>>> print(open('protein_11.csv').read())   # CSV, C-alpha atoms
chain,number,residue,atom,x,y,z
A,100,MET,CA,9.3,-10.2,7.0
A,101,VAL,CA,7.4,-7.0,7.5
A,102,GLU,CA,7.8,-5.6,11.0
A,103,GLU,CA,5.6,-3.2,12.8
A,104,GLN,CA,7.0,-1.6,15.9
A,105,GLN,CA,4.6,-0.6,18.8
A,106,GLN,CA,2.0,1.2,16.7
A,107,THR,CA,-1.0,2.5,18.4
A,108,LYS,CA,-4.4,1.2,17.2
A,109,GLY,CA,-7.2,2.9,19.2
A,110,THR,CA,-6.2,2.4,22.8
A,111,GLU,CA,-4.3,-0.8,22.3
A,112,THR,CA,-0.7,-1.2,21.4
A,113,VAL,CA,0.1,-3.6,18.5
A,114,ASP,CA,3.5,-5.3,18.0
A,115,GLU,CA,3.1,-7.4,15.0
A,116,ARG,CA,5.4,-9.2,12.6
A,117,TRP,CA,3.8,-10.1,9.3
A,118,ASP,CA,5.4,-12.5,6.9
A,119,SER,CA,4.8,-12.1,3.2
A,120,LEU,CA,1.7,-14.4,3.1
A,121,GLU,CA,0.1,-12.6,6.1
A,122,LEU,CA,0.8,-9.2,4.4
A,123,ALA,CA,-0.9,-10.5,1.2
A,124,ARG,CA,-3.9,-11.7,3.2
A,125,ARG,CA,-4.1,-8.3,5.0
A,126,ILE,CA,-4.0,-6.6,1.6
A,127,ALA,CA,-6.8,-8.8,0.4
A,128,ASP,CA,-8.8,-7.8,3.5
A,129,PHE,CA,-8.2,-4.1,2.8
A,130,ALA,CA,-9.2,-4.5,-0.8
A,131,ASP,CA,-12.3,-6.5,0.3
A,132,ASP,CA,-13.2,-3.6,2.5
A,133,LYS,CA,-13.8,-1.6,-0.7
A,134,LYS,CA,-15.8,-4.5,-2.3
A,135,ALA,CA,-13.0,-5.7,-4.6
A,136,ILE,CA,-14.1,-8.5,-6.9
A,137,ASP,CA,-12.6,-12.0,-7.3
A,138,THR,CA,-9.4,-11.5,-5.3
A,139,VAL,CA,-6.7,-14.1,-5.9
A,140,ILE,CA,-3.3,-14.5,-4.1
A,141,LEU,CA,-0.6,-16.2,-6.2
A,142,HIS,CA,2.6,-17.5,-4.7
A,143,VAL,CA,5.2,-16.4,-7.3
A,144,GLU,CA,8.4,-16.6,-5.2
A,145,GLU,CA,9.9,-19.5,-7.1
A,146,GLU,CA,9.2,-17.9,-10.5
A,147,LEU,CA,10.2,-14.3,-9.8
A,148,GLN,CA,13.1,-12.8,-7.9
A,149,PHE,CA,11.4,-9.5,-7.0
A,150,ALA,CA,8.2,-10.7,-5.2
A,151,ASP,CA,6.8,-13.5,-3.1
A,152,TYR,CA,3.1,-13.0,-3.9
A,153,PHE,CA,0.9,-11.3,-6.5
A,154,LEU,CA,-2.5,-10.2,-5.3
A,155,ILE,CA,-4.9,-9.8,-8.2
A,156,THR,CA,-8.3,-8.3,-7.9
A,157,GLU,CA,-10.9,-6.4,-9.9
A,158,GLY,CA,-12.9,-3.2,-9.7
A,159,ARG,CA,-16.1,-2.2,-11.6
A,160,ASN,CA,-14.8,1.1,-13.0
A,161,LYS,CA,-12.0,3.7,-12.8
A,162,ARG,CA,-13.3,5.2,-9.5
A,163,HIS,CA,-13.6,1.7,-7.9
A,164,LEU,CA,-10.1,0.7,-8.9
A,165,SER,CA,-8.8,4.0,-7.4
A,166,ALA,CA,-10.8,3.4,-4.2
A,167,ILE,CA,-9.4,-0.1,-3.7
A,168,ALA,CA,-5.8,1.0,-4.4
A,169,GLU,CA,-6.1,4.0,-2.1
A,170,ASN,CA,-7.6,2.0,0.7
A,171,VAL,CA,-4.9,-0.6,0.5
A,172,ALA,CA,-2.1,2.0,0.6
A,173,LYS,CA,-3.8,4.0,3.4
A,174,GLU,CA,-4.4,1.0,5.6
A,175,LEU,CA,-0.8,-0.3,5.2
A,176,LYS,CA,0.6,3.1,5.8
A,177,ARG,CA,-1.3,3.1,9.2
A,178,HIS,CA,0.7,0.0,10.0
A,179,GLY,CA,4.0,1.6,8.9
A,180,ILE,CA,4.2,-0.2,5.5
A,181,TYR,CA,4.8,2.0,2.5
A,182,ARG,CA,4.5,1.4,-1.2
A,183,LEU,CA,7.9,1.1,-3.0
A,184,ALA,CA,6.6,1.8,-6.5
A,185,GLY,CA,3.6,1.6,-8.6
A,186,THR,CA,1.3,3.3,-11.2
A,187,PRO,CA,-1.0,6.3,-10.6
A,188,PHE,CA,-4.2,5.2,-8.8
A,189,ASN,CA,-6.3,6.8,-11.6
A,190,ASP,CA,-5.7,4.4,-14.4
A,191,GLU,CA,-8.8,3.0,-16.1
A,192,ASN,CA,-7.6,-0.6,-16.6
A,193,TRP,CA,-4.7,-1.5,-14.2
A,194,VAL,CA,-3.3,-0.1,-11.0
A,195,VAL,CA,-0.1,-1.7,-9.7
A,196,ILE,CA,1.2,-1.2,-6.2
A,197,ASP,CA,4.6,-2.7,-5.1
A,198,PHE,CA,5.0,-3.4,-1.4
A,199,GLY,CA,8.2,-5.4,-1.9
A,200,SER,CA,7.3,-9.0,-1.2
A,201,VAL,CA,3.7,-8.4,-2.4
A,202,VAL,CA,2.7,-6.7,-5.7
A,203,VAL,CA,-0.9,-5.7,-5.9
A,204,HIS,CA,-2.7,-5.7,-9.3
A,205,VAL,CA,-6.1,-4.0,-9.4
A,206,PHE,CA,-7.8,-4.5,-12.8
A,207,SER,CA,-10.9,-3.5,-14.6
A,208,THR,CA,-12.8,-6.4,-16.1
A,209,ASP,CA,-11.3,-5.7,-19.5
A,210,GLY,CA,-7.8,-5.2,-18.2
A,211,ARG,CA,-7.9,-8.4,-16.3
A,212,GLU,CA,-9.1,-10.3,-19.3
A,213,PHE,CA,-6.5,-8.7,-21.6
A,214,TYR,CA,-3.4,-9.1,-19.4
A,215,ASP,CA,-4.6,-12.5,-18.0
A,216,LEU,CA,-2.0,-12.7,-15.2
A,217,GLU,CA,-3.7,-15.7,-13.6
A,218,ASN,CA,-3.1,-17.7,-16.8
A,219,LEU,CA,0.4,-16.2,-17.4
A,220,TRP,CA,1.4,-17.3,-13.9
A,221,GLY,CA,-0.9,-20.3,-13.9
A,222,ASP,CA,1.8,-22.7,-12.6
A,223,CYS,CA,1.9,-20.7,-9.4
A,224,THR,CA,0.0,-21.9,-6.3
A,225,LYS,CA,-3.2,-20.0,-5.4
A,226,MET,CA,-3.1,-19.3,-1.7
A,227,GLU,CA,-6.1,-19.6,0.5
A,228,TRP,CA,-7.8,-16.5,1.6
A,229,THR,CA,-11.3,-16.2,3.1
A,230,PRO,CA,-13.2,-13.0,2.5
A,231,LYS,CA,-14.9,-11.5,5.5
A,232,PRO,CA,-18.7,-12.2,5.4
A,233,ALA,CA,-21.0,-9.2,5.1
A,234,PRO,CA,-22.8,-8.3,8.3
A,235,GLY,CA,-25.6,-10.8,8.8
A,236,ALA,CA,-24.5,-13.0,5.9
A,237,PRO,CA,-23.3,-16.6,6.2
A,238,PRO,CA,-19.5,-17.1,6.0
A,239,ARG,CA,-18.1,-17.3,2.4
A,240,GLU,CA,-16.0,-20.2,1.2
A,241,PRO,CA,-12.2,-19.7,0.9
A,242,ALA,CA,-11.1,-18.1,-2.4
A,243,SER,CA,-8.8,-20.9,-3.5
A,244,ASP,CA,-8.8,-23.9,-5.8
A,245,ASP,CA,-5.8,-25.6,-4.2
>>> encode(input="protein_11.csv", output="structure tokens")
Amino acid sequence: MVEEQQQTKGTETVDERWDSLELARRIADFADDKKAIDTVILHVEEELQFADYFLITEGRNKRHLSAIAENVAKELKRHGIYRLAGTPFNDENWVVIDFGSVVVHVFSTDGREFYDLENLWGDCTKMEWTPKPAPGAPPREPASDD
């Protein structure tokens, strides 16, 4: 469980405890803030010993991949959650950020097709996550098949 101790957010005090799934959903929200494409959360805990969830998403180009990854890292840092490992944020095809229980994969379209993690881990359950609607837009459907 990820714990946040009395962090100040604006004028309010926040004392939150995020489990791994909530962390993955928050990461999806932070990626969505930078217009990440086709975000999927896979529950990999039973297949892997080092993570509970993979978050897989896509950017349009190298700059977009970097913006998504940097925003996720920056927003989690504001909540006292730091990356444990990962690749540089300036890769053209695949940026990986390890937050312990959640590993984030930000792909280019070509990288996502080539590595095809969703097929590789196809037996894992896709977790429900509903992207925030754009201002003035109708609510979007949850991003899950299961």
>>> atom_distance(input="protein_11.csv", atom1="atom CA of A:Ile196", atom2="atom CA of A:Ala168")
7.6 Å
>>> atom_distance(input="protein_11.csv", atom1="atom CA of A:Val205", atom2="atom CA of A:Ala135")
8.6 Å
>>> atom_distance(input="protein_11.csv", atom1="atom CA of A:Asp132", atom2="atom CA of A:Tyr152")
19.9 Å
>>> closest_residue(input="protein_11.csv", among="A:Val194, A:Leu154, A:Val201, A:Leu147", to="A:Tyr181", atoms="only C-alpha atoms")
A:Val201
>>> residues_around(input="protein_11.csv", residues="A:Asp137", least_positions_apart="4", cutoff="12 Å", atoms="all atoms listed in the file", output="PyMOL selection string")
chain A and resi 127+130-131+154-159+204-208+211+217+228-230+241-243
>>> decode(input="protein_11.csv", residues="stretch 159-176 of chain A", atoms="N, CA and C atoms", output="mmCIF file, in the first residue's frame")
data_model
loop_
_atom_site.group_PDB
_atom_site.id
_atom_site.type_symbol
_atom_site.label_atom_id
_atom_site.label_comp_id
_atom_site.auth_asym_id
_atom_site.auth_seq_id
_atom_site.Cartn_x
_atom_site.Cartn_y
_atom_site.Cartn_z
ATOM 1 N N ARG A 159 1.939 10.008 -29.328
ATOM 2 C CA ARG A 159 2.013 10.199 -30.785
ATOM 3 C C ARG A 159 3.441 10.291 -31.316
ATOM 4 N N ASN A 160 4.366 10.808 -30.503
ATOM 5 C CA ASN A 160 5.742 10.993 -30.950
ATOM 6 C C ASN A 160 6.656 11.059 -29.723
ATOM 7 N N LYS A 161 7.952 11.216 -29.972
ATOM 8 C CA LYS A 161 8.941 11.219 -28.888
ATOM 9 C C LYS A 161 8.621 12.293 -27.841
ATOM 10 N N ARG A 162 8.272 13.473 -28.279
ATOM 11 C CA ARG A 162 7.964 14.564 -27.346
ATOM 12 C C ARG A 162 6.726 14.243 -26.508
ATOM 13 N N HIS A 163 5.717 13.619 -27.141
ATOM 14 C CA HIS A 163 4.492 13.261 -26.423
ATOM 15 C C HIS A 163 4.777 12.172 -25.382
ATOM 16 N N LEU A 164 5.570 11.153 -25.739
ATOM 17 C CA LEU A 164 5.953 10.116 -24.781
ATOM 18 C C LEU A 164 6.621 10.751 -23.565
ATOM 19 N N SER A 165 7.550 11.665 -23.822
ATOM 20 C CA SER A 165 8.277 12.339 -22.755
ATOM 21 C C SER A 165 7.332 13.161 -21.873
ATOM 22 N N ALA A 166 6.402 13.875 -22.487
ATOM 23 C CA ALA A 166 5.462 14.705 -21.719
ATOM 24 C C ALA A 166 4.583 13.845 -20.809
ATOM 25 N N ILE A 167 4.117 12.709 -21.322
ATOM 26 C CA ILE A 167 3.288 11.802 -20.519
ATOM 27 C C ILE A 167 4.093 11.278 -19.329
ATOM 28 N N ALA A 168 5.292 10.756 -19.603
ATOM 29 C CA ALA A 168 6.130 10.178 -18.549
ATOM 30 C C ALA A 168 6.518 11.229 -17.505
ATOM 31 N N GLU A 169 6.909 12.411 -17.959
ATOM 32 C CA GLU A 169 7.303 13.471 -17.031
ATOM 33 C C GLU A 169 6.132 13.909 -16.156
ATOM 34 N N ASN A 170 4.933 13.991 -16.730
ATOM 35 C CA ASN A 170 3.778 14.401 -15.943
ATOM 36 C C ASN A 170 3.428 13.364 -14.877
ATOM 37 N N VAL A 171 3.475 12.085 -15.241
ATOM 38 C CA VAL A 171 3.201 11.028 -14.269
ATOM 39 C C VAL A 171 4.192 11.118 -13.109
ATOM 40 N N ALA A 172 5.480 11.208 -13.421
ATOM 41 C CA ALA A 172 6.512 11.268 -12.386
ATOM 42 C C ALA A 172 6.354 12.522 -11.525
ATOM 43 N N LYS A 173 6.077 13.653 -12.149
ATOM 44 C CA LYS A 173 5.934 14.920 -11.421
ATOM 45 C C LYS A 173 4.730 14.880 -10.478
ATOM 46 N N GLU A 174 3.596 14.408 -10.965
ATOM 47 C CA GLU A 174 2.384 14.383 -10.137
ATOM 48 C C GLU A 174 2.522 13.406 -8.969
ATOM 49 N N LEU A 175 3.124 12.252 -9.209
ATOM 50 C CA LEU A 175 3.315 11.306 -8.107
ATOM 51 C C LEU A 175 4.314 11.846 -7.084
ATOM 52 N N LYS A 176 5.331 12.533 -7.563
ATOM 53 C CA LYS A 176 6.302 13.133 -6.656
ATOM 54 C C LYS A 176 5.614 14.141 -5.735
#
